[in-house]
>>> print(open('final_31.cif').read())   # mmCIF, C-alpha atoms
data_work
#
loop_
_atom_site.label_atom_id
_atom_site.label_comp_id
_atom_site.auth_asym_id
_atom_site.auth_seq_id
_atom_site.Cartn_x
_atom_site.Cartn_y
_atom_site.Cartn_z
CA MET A 1 80.48 92.48 76.52
CA ILE A 2 80.17 94.43 79.78
CA ALA A 3 76.62 94.08 80.96
CA LEU A 4 76.14 96.87 83.44
CA PRO A 5 75.82 100.55 82.49
CA LEU A 6 78.44 103.17 83.24
CA SER A 7 76.25 105.13 85.65
CA HIS A 8 75.96 102.17 88.04
CA MET A 9 79.74 101.95 88.18
CA LEU A 10 80.01 105.69 88.84
CA ILE A 11 77.37 105.65 91.58
CA PHE A 12 79.08 102.69 93.23
CA SER A 13 82.40 104.53 93.29
CA LEU A 14 80.62 107.66 94.56
CA LEU A 15 79.25 105.65 97.50
CA LEU A 16 82.68 104.18 98.20
CA PHE A 17 84.20 107.68 98.12
CA ALA A 18 81.51 108.98 100.50
CA ILE A 19 82.16 106.13 102.95
CA GLY A 20 85.88 106.88 102.87
CA LEU A 21 85.25 110.60 103.37
CA TYR A 22 83.00 109.83 106.33
CA GLY A 23 85.79 107.80 107.91
CA ALA A 24 88.35 110.52 107.27
CA LEU A 25 86.10 113.16 108.82
CA VAL A 26 84.89 111.23 111.84
CA ARG A 27 87.65 108.91 113.02
CA ARG A 28 89.92 110.00 115.85
CA ASN A 29 92.66 107.47 115.24
CA ILE A 30 95.23 108.71 112.72
CA ILE A 31 95.76 105.21 111.28
CA GLY A 32 92.00 104.98 110.74
CA ILE A 33 92.09 108.28 108.85
CA LEU A 34 94.90 106.96 106.63
CA ILE A 35 92.91 103.78 105.88
CA SER A 36 89.89 105.92 104.92
CA ILE A 37 92.06 107.97 102.56
CA GLU A 38 93.11 104.73 100.86
CA LEU A 39 89.42 103.92 100.34
CA MET A 40 88.85 107.30 98.68
CA LEU A 41 91.85 106.86 96.37
CA ASN A 42 90.53 103.46 95.32
CA ALA A 43 87.12 104.93 94.52
CA THR A 44 88.76 107.42 92.15
CA ASN A 45 90.73 104.59 90.57
CA ILE A 46 87.51 102.71 89.80
CA ASN A 47 86.24 105.87 88.10
CA LEU A 48 89.37 106.17 85.99
CA ILE A 49 89.24 102.55 84.86
CA ALA A 50 85.52 102.70 84.15
CA PHE A 51 85.87 105.81 82.00
CA SER A 52 88.82 104.32 80.14
CA LYS A 53 86.80 101.18 79.45
CA TYR A 54 83.48 102.74 78.50
CA THR A 55 84.20 106.01 76.74
CA SER A 56 87.83 106.61 75.92
CA LEU A 57 89.29 106.47 72.46
CA ALA A 58 92.81 106.08 73.89
CA PRO A 59 92.08 103.35 76.42
CA GLU A 60 95.57 103.17 77.92
CA THR A 61 95.31 106.66 79.41
CA GLY A 62 92.92 105.84 82.21
CA GLN A 63 94.85 102.75 83.27
CA ILE A 64 98.16 104.59 83.29
CA PHE A 65 96.78 107.35 85.48
CA ALA A 66 95.33 104.68 87.77
CA ILE A 67 98.85 103.24 88.06
CA PHE A 68 100.16 106.71 88.98
CA VAL A 69 97.43 107.06 91.62
CA ILE A 70 98.33 103.66 93.08
CA ALA A 71 102.01 104.65 93.29
CA LEU A 72 101.18 107.94 95.00
CA ALA A 73 98.80 106.15 97.40
CA ALA A 74 101.59 103.77 98.37
CA THR A 75 103.96 106.67 99.08
CA ALA A 76 101.23 108.47 101.03
CA ALA A 77 100.64 105.40 103.18
CA ALA A 78 104.36 104.90 103.84
CA VAL A 79 105.08 108.52 104.77
CA GLY A 80 101.86 108.86 106.79
CA LEU A 81 102.54 105.74 108.83
CA ALA A 82 106.14 106.86 109.45
CA ILE A 83 104.77 110.17 110.77
CA VAL A 84 102.36 108.23 112.99
CA LEU A 85 105.23 106.16 114.42
CA ALA A 86 107.33 109.27 115.08
CA LEU A 87 104.35 110.97 116.72
CA TYR A 88 103.68 107.94 118.90
CA ARG A 89 107.31 107.84 119.98
CA THR A 90 107.52 111.50 120.99
CA ARG A 91 104.00 112.35 122.19
CA LYS A 92 102.55 108.92 123.15
CA THR A 93 99.27 109.42 121.31
CA ILE A 94 97.72 108.37 118.00
CA TYR A 95 94.52 110.40 118.32
CA SER A 96 94.28 113.36 116.01
CA ASP A 97 92.51 115.69 118.46
CA GLU A 98 95.16 115.16 121.13
CA VAL A 99 97.87 116.54 118.86
CA HIS A 100 97.25 120.22 119.52
CA LEU A 101 100.71 121.55 120.19
CA LEU A 102 100.49 124.09 117.37
CA LYS A 103 96.84 124.99 118.00
CA TRP A 104 96.35 128.51 119.47
CA MET B 105 75.64 83.63 75.39
CA PRO B 106 73.05 85.39 77.57
CA ILE B 107 73.30 83.14 80.64
CA LEU B 108 76.99 83.92 81.00
CA GLU B 109 76.37 87.65 80.70
CA LEU B 110 73.63 87.43 83.32
CA ALA B 111 75.99 85.61 85.66
CA VAL B 112 78.66 88.28 85.13
CA LYS B 113 76.12 91.02 85.82
CA PHE B 114 74.81 89.54 89.06
CA GLY B 115 78.30 88.62 90.18
CA THR B 116 79.43 92.20 89.64
CA TYR B 117 76.53 93.62 91.63
CA ALA B 118 77.19 91.12 94.42
CA ALA B 119 80.87 92.15 94.48
CA MET B 120 79.86 95.80 94.65
CA GLY B 121 77.53 95.16 97.57
CA ALA B 122 80.18 93.16 99.42
CA ILE B 123 82.73 95.95 98.84
CA LEU B 124 80.36 98.57 100.25
CA ILE B 125 79.59 96.44 103.32
CA PHE B 126 83.29 95.85 103.99
CA ALA B 127 83.98 99.57 103.44
CA LEU B 128 81.39 100.41 106.09
CA GLY B 129 83.23 97.97 108.33
CA VAL B 130 86.49 99.81 107.61
CA VAL B 131 85.13 103.14 108.79
CA THR B 132 82.93 102.00 111.69
CA LEU B 133 84.60 99.05 113.46
CA ARG B 134 86.22 99.87 116.78
CA ASN B 135 89.15 97.50 116.57
CA LEU B 136 91.68 98.87 114.08
CA PHE B 137 93.04 95.42 113.30
CA HIS B 138 89.60 94.36 112.07
CA CYS B 139 89.49 97.57 110.03
CA ALA B 140 92.73 96.60 108.30
CA LEU B 141 91.37 93.12 107.50
CA CYS B 142 88.20 94.70 106.05
CA LEU B 143 90.44 96.98 103.98
CA ALA B 144 92.16 93.90 102.53
CA ALA B 145 88.75 92.47 101.62
CA VAL B 146 87.76 95.75 99.95
CA MET B 147 90.96 95.76 97.91
CA ILE B 148 90.39 92.17 96.73
CA GLY B 149 86.83 93.09 95.71
CA ILE B 150 88.10 96.09 93.75
CA ALA B 151 90.57 93.80 91.99
CA ILE B 152 87.58 91.64 90.98
CA LEU B 153 85.91 94.75 89.54
CA TYR B 154 89.06 95.52 87.56
CA VAL B 155 88.90 92.04 86.05
CA VAL B 156 85.27 92.69 85.09
CA LEU B 157 86.38 95.96 83.45
CA GLN B 158 89.06 94.01 81.55
CA ALA B 159 92.00 95.70 83.26
CA GLU B 160 93.85 92.53 84.24
CA PHE B 161 97.21 94.21 84.81
CA LEU B 162 95.62 96.71 87.19
CA ALA B 163 93.96 93.83 89.08
CA ALA B 164 97.33 92.15 89.58
CA VAL B 165 98.92 95.43 90.66
CA GLN B 166 96.04 96.09 93.05
CA ILE B 167 96.43 92.75 94.80
CA LEU B 168 100.22 92.96 94.85
CA LEU B 169 100.48 96.56 96.07
CA TYR B 170 97.45 97.05 98.30
CA VAL B 171 96.82 93.64 99.81
CA GLY B 172 100.51 92.76 99.78
CA ALA B 173 102.16 96.01 100.78
CA VAL B 174 99.84 98.74 102.07
CA VAL B 175 97.70 96.53 104.31
CA THR B 176 100.83 94.89 105.71
CA LEU B 177 102.29 98.32 106.45
CA VAL B 178 99.07 99.41 108.16
CA ILE B 179 99.02 96.25 110.28
CA PHE B 180 102.64 96.88 111.28
CA ALA B 181 101.76 100.42 112.36
CA ILE B 182 98.74 99.18 114.33
CA MET B 183 100.81 96.55 116.12
CA LEU B 184 103.52 99.08 116.97
CA THR B 185 101.13 101.65 118.43
CA GLU B 186 97.95 100.00 119.58
CA HIS B 187 98.51 98.98 123.16
CA LEU B 188 97.50 102.32 124.65
CA ALA B 189 94.08 102.18 122.98
CA GLY B 190 91.80 100.75 125.65
CA LYS B 191 88.28 99.48 125.23
CA THR B 192 86.70 102.65 126.56
CA VAL B 193 88.49 105.18 124.37
CA ARG B 194 86.16 106.95 121.96
CA GLN B 195 86.99 106.15 118.35
CA THR B 196 84.98 108.93 116.70
CA ASN B 197 84.81 112.65 117.29
CA SER B 198 81.56 114.48 117.97
CA GLN B 199 80.91 115.63 114.39
CA SER B 200 79.38 112.35 113.22
CA LEU B 201 75.87 113.68 112.57
CA ALA B 202 77.09 116.76 110.69
CA ALA B 203 79.37 114.57 108.56
CA ILE B 204 76.51 112.20 107.69
CA LEU B 205 74.17 115.06 106.73
CA GLY B 206 76.79 116.80 104.60
CA LEU B 207 77.77 113.59 102.87
CA LEU B 208 74.12 112.75 102.11
CA GLY B 209 73.78 116.12 100.39
CA PHE B 210 77.05 115.55 98.51
CA VAL B 211 76.00 112.07 97.36
CA ALA B 212 72.55 113.33 96.28
CA VAL B 213 73.99 116.15 94.17
CA ILE B 214 76.68 114.05 92.49
CA ALA B 215 74.31 111.12 91.89
CA ALA B 216 71.80 113.44 90.22
CA LEU B 217 74.61 114.77 88.03
CA ILE B 218 75.74 111.24 87.12
CA VAL B 219 72.23 110.14 86.19
CA LYS B 220 71.46 113.25 84.13
CA THR B 221 74.73 113.46 82.18
CA PRO B 222 74.60 111.83 78.73
CA TRP B 223 77.82 109.80 78.83
CA PRO B 224 79.36 109.24 75.39
CA VAL B 225 79.40 105.45 75.63
CA THR B 226 80.03 104.20 72.12
CA PRO B 227 80.28 100.60 70.93
CA THR B 228 83.62 101.30 69.24
CA ALA B 229 85.12 102.50 72.52
CA MET B 230 83.70 99.46 74.31
CA GLU B 231 85.42 97.16 71.84
CA ALA B 232 88.89 98.62 72.50
CA LYS B 233 91.32 96.25 74.16
CA VAL B 234 94.19 97.29 76.41
CA SER B 235 97.11 94.91 76.46
CA VAL B 236 100.03 94.99 78.86
CA MET B 237 102.25 95.66 75.86
CA GLY B 238 100.18 98.72 74.97
CA LEU B 239 100.40 99.94 78.55
CA GLY B 240 104.18 99.55 78.53
CA LYS B 241 104.52 101.35 75.22
CA ALA B 242 102.37 104.25 76.42
CA LEU B 243 104.30 104.41 79.69
CA MET B 244 107.62 104.57 77.87
CA GLY B 245 106.42 106.81 75.05
CA LEU B 246 103.69 109.36 75.61
CA TYR B 247 103.78 109.31 79.40
CA VAL B 248 107.51 109.00 79.98
CA PHE B 249 107.78 112.36 81.76
CA PRO B 250 105.11 111.63 84.42
CA PHE B 251 106.70 108.20 84.81
CA GLU B 252 110.07 109.75 85.67
CA VAL B 253 108.42 112.25 88.03
CA ILE B 254 106.69 109.38 89.83
CA SER B 255 109.99 107.56 90.21
CA ILE B 256 111.59 110.66 91.77
CA VAL B 257 108.60 111.02 94.12
CA LEU B 258 108.92 107.36 95.10
CA ILE B 259 112.62 107.62 95.94
CA ALA B 260 112.06 110.86 97.88
CA ALA B 261 109.22 109.26 99.86
CA LEU B 262 111.38 106.20 100.58
CA ILE B 263 114.23 108.30 101.98
CA GLY B 264 111.81 110.55 103.85
CA THR B 265 110.08 107.58 105.46
CA VAL B 266 113.36 106.18 106.74
CA VAL B 267 114.45 109.59 108.06
CA ILE B 268 111.14 110.26 109.83
CA ALA B 269 110.70 106.81 111.35
CA LYS B 270 114.25 106.24 112.62
CA LYS B 271 115.08 106.85 116.24
CA ASP B 272 116.47 110.25 117.17
CA ALA B 273 120.04 110.59 118.39
CA PRO B 274 119.96 110.37 122.20
CA GLU B 275 121.71 113.70 122.87
CA GLU B 276 119.02 115.62 121.01
CA ARG B 277 116.28 114.85 123.53
CA LEU B 278 114.51 117.84 125.05
#
>>> encode(input="final_31.cif", output="structure tokens")
Amino acid sequence: MIALPLSHMLIFSLLLFAIGLYGALVRRNIIGILISIELMLNATNINLIAFSKYTSLAPETGQIFAIFVIALAATAAAVGLAIVLALYRTRKTIYSDEVHLLKW
Amino acid sequence: MPILELAVKFGTYAAMGAILIFALGVVTLRNLFHCALCLAAVMIGIAILYVVLQAEFLAAVQILLYVGAVVTLVIFAIMLTEHLAGKTVRQTNSQSLAAILGLLGFVAVIAALIVKTPWPVTPTAMEAKVSVMGLGKALMGLYVFPFEVISIVLIAALIGTVVIAKKDAPEERL
């Protein structure tokens, strides 16, 4: 029923992962880095679902691990943004290279 | 019904292209609020892909959790912190070129691997259906231990978030 081959799906999620990794490496704003990490987690989720649809003999497995990844991504976003708020309150910055209290 | 399959195929490729364009917007736009809106668009597109892959429950969870919760949380954080970010502040560090070159190498290697690997795509596996009932049974049967671990992680993260984000007691100020 599904028309497009598995490798196209995998290359698409590879590109999405690379875009997210670029954002996480290059952005200065900590909230921007967190958003990029969400992109990368979603790319891995697409991989999990695609493998569970195309190749798996126990098709629930991929979807259940995708659910686990989504739950962990939600906790990562919540804790990360709480850290950003605490950082903004105490140090008045949200740029990752200005937080160098423990550097050297 | 070949015309329907063709429509599904082109629609899927169009959704993929739109997702990639919005993802580029997420990592390159200067205004973080626009980035968060692009992130919501990316999540909706990924939900469409899940429907194409016949994972309807995951599509609903994706919209509910990402577009409903995570993007809202991100927008809250942006609104609470943004007003010191002026127009002239640099939004990227100086390692942009090195990151692009390294990522091009990474993408080339992994794409070559993906193309060369003989994936075991079998028609019997393609025919398998996943129902929400099957998901629930697997979650309560085979995967009950990871499920409980996730619930403990969720409650710990909830408490930790409240503890980190609440205001300090005034006498503890340095």
>>> residues_around(input="final_31.cif", residues="A:Ser7", least_positions_apart="5", cutoff="12 Å", atoms="only C-alpha atoms", output="list of chain:residue names")
A:Phe12, A:Ser13, A:Leu14, A:Asn47, A:Ala50, A:Phe51, A:Tyr54, A:Thr55, B:Ile214, B:Ala215, B:Ala216, B:Leu217, B:Ile218, B:Val219, B:Lys220, B:Thr221, B:Pro222, B:Trp223, B:Pro224, B:Val225
>>> write_last_selection(input="final_31.cif", atoms="C-alpha atoms", output="short mmCIF file (atom, residue, chain, number, x, y, z; two decimals), keeping the file's coordinate frame")
data_model
loop_
_atom_site.label_atom_id
_atom_site.label_comp_id
_atom_site.auth_asym_id
_atom_site.auth_seq_id
_atom_site.Cartn_x
_atom_site.Cartn_y
_atom_site.Cartn_z
CA PHE A 12 79.08 102.69 93.23
CA SER A 13 82.40 104.53 93.29
CA LEU A 14 80.62 107.66 94.56
CA ASN A 47 86.24 105.87 88.10
CA ALA A 50 85.52 102.70 84.15
CA PHE A 51 85.87 105.81 82.00
CA TYR A 54 83.48 102.74 78.50
CA THR A 55 84.20 106.01 76.74
CA ILE B 214 76.68 114.05 92.49
CA ALA B 215 74.31 111.12 91.89
CA ALA B 216 71.80 113.44 90.22
CA LEU B 217 74.61 114.77 88.03
CA ILE B 218 75.74 111.24 87.12
CA VAL B 219 72.23 110.14 86.19
CA LYS B 220 71.46 113.25 84.13
CA THR B 221 74.73 113.46 82.18
CA PRO B 222 74.60 111.83 78.73
CA TRP B 223 77.82 109.80 78.83
CA PRO B 224 79.36 109.24 75.39
CA VAL B 225 79.40 105.45 75.63
#
>>> closest_residue(input="final_31.cif", among="A:Leu72, A:Leu41, A:Leu10, A:Leu102", to="B:Leu258", atoms="all atoms listed in the file")
A:Leu72
>>> resolve_selection(input="final_31.cif", expression="the PyMOL selection byres ((chain A and resi 62-64) around 12)", output="ChimeraX atom specification")
/A:44-61,65-71 /B:154,157-163,165-166,233-236,238-248,250-251,254
>>> interface_residues(input="final_31.cif", of="chain B", to="chain A", cutoff="6 Å", atoms="only C-alpha atoms", output="PyMOL selection string")
chain B and resi 113+131+195-197+200+224-225+229-230+239+261+265+269
>>> atom_distance(input="final_31.cif", atom1="atom CA of B:Leu141", atom2="atom CA of B:Ile182")
11.7 Å
>>> resolve_selection(input="final_31.cif", expression="the PyMOL selection byres ((chain B and resi 176) around 12)", output="list in words")
Ile35, Ala74, Ala77, Ala78 and Leu81 of chain A; Phe137, Ala140, Leu141, Leu143, Ala144, Ile167, Leu168, Leu169, Tyr170, Val171, Gly172, Ala173, Val174, Val175, Leu177, Val178, Ile179, Phe180, Ala181, Ile182 and Met183 of chain B
>>> closest_residue(input="final_31.cif", among="B:Leu205, B:Ala232, B:Thr185, B:Leu110", to="B:Leu136", atoms="only C-alpha atoms")
B:Thr185
>>> closest_residue(input="final_31.cif", among="B:Val193, B:Ile152, B:Ala118, B:Leu201", to="B:Asn135", atoms="only C-alpha atoms")
B:Val193
>>> atom_distance(input="final_31.cif", atom1="atom CA of B:Ile125", atom2="atom CA of A:Met40")
15.0 Å
>>> atom_distance(input="final_31.cif", atom1="atom CA of B:Thr228", atom2="atom CA of B:Val156")
18.1 Å
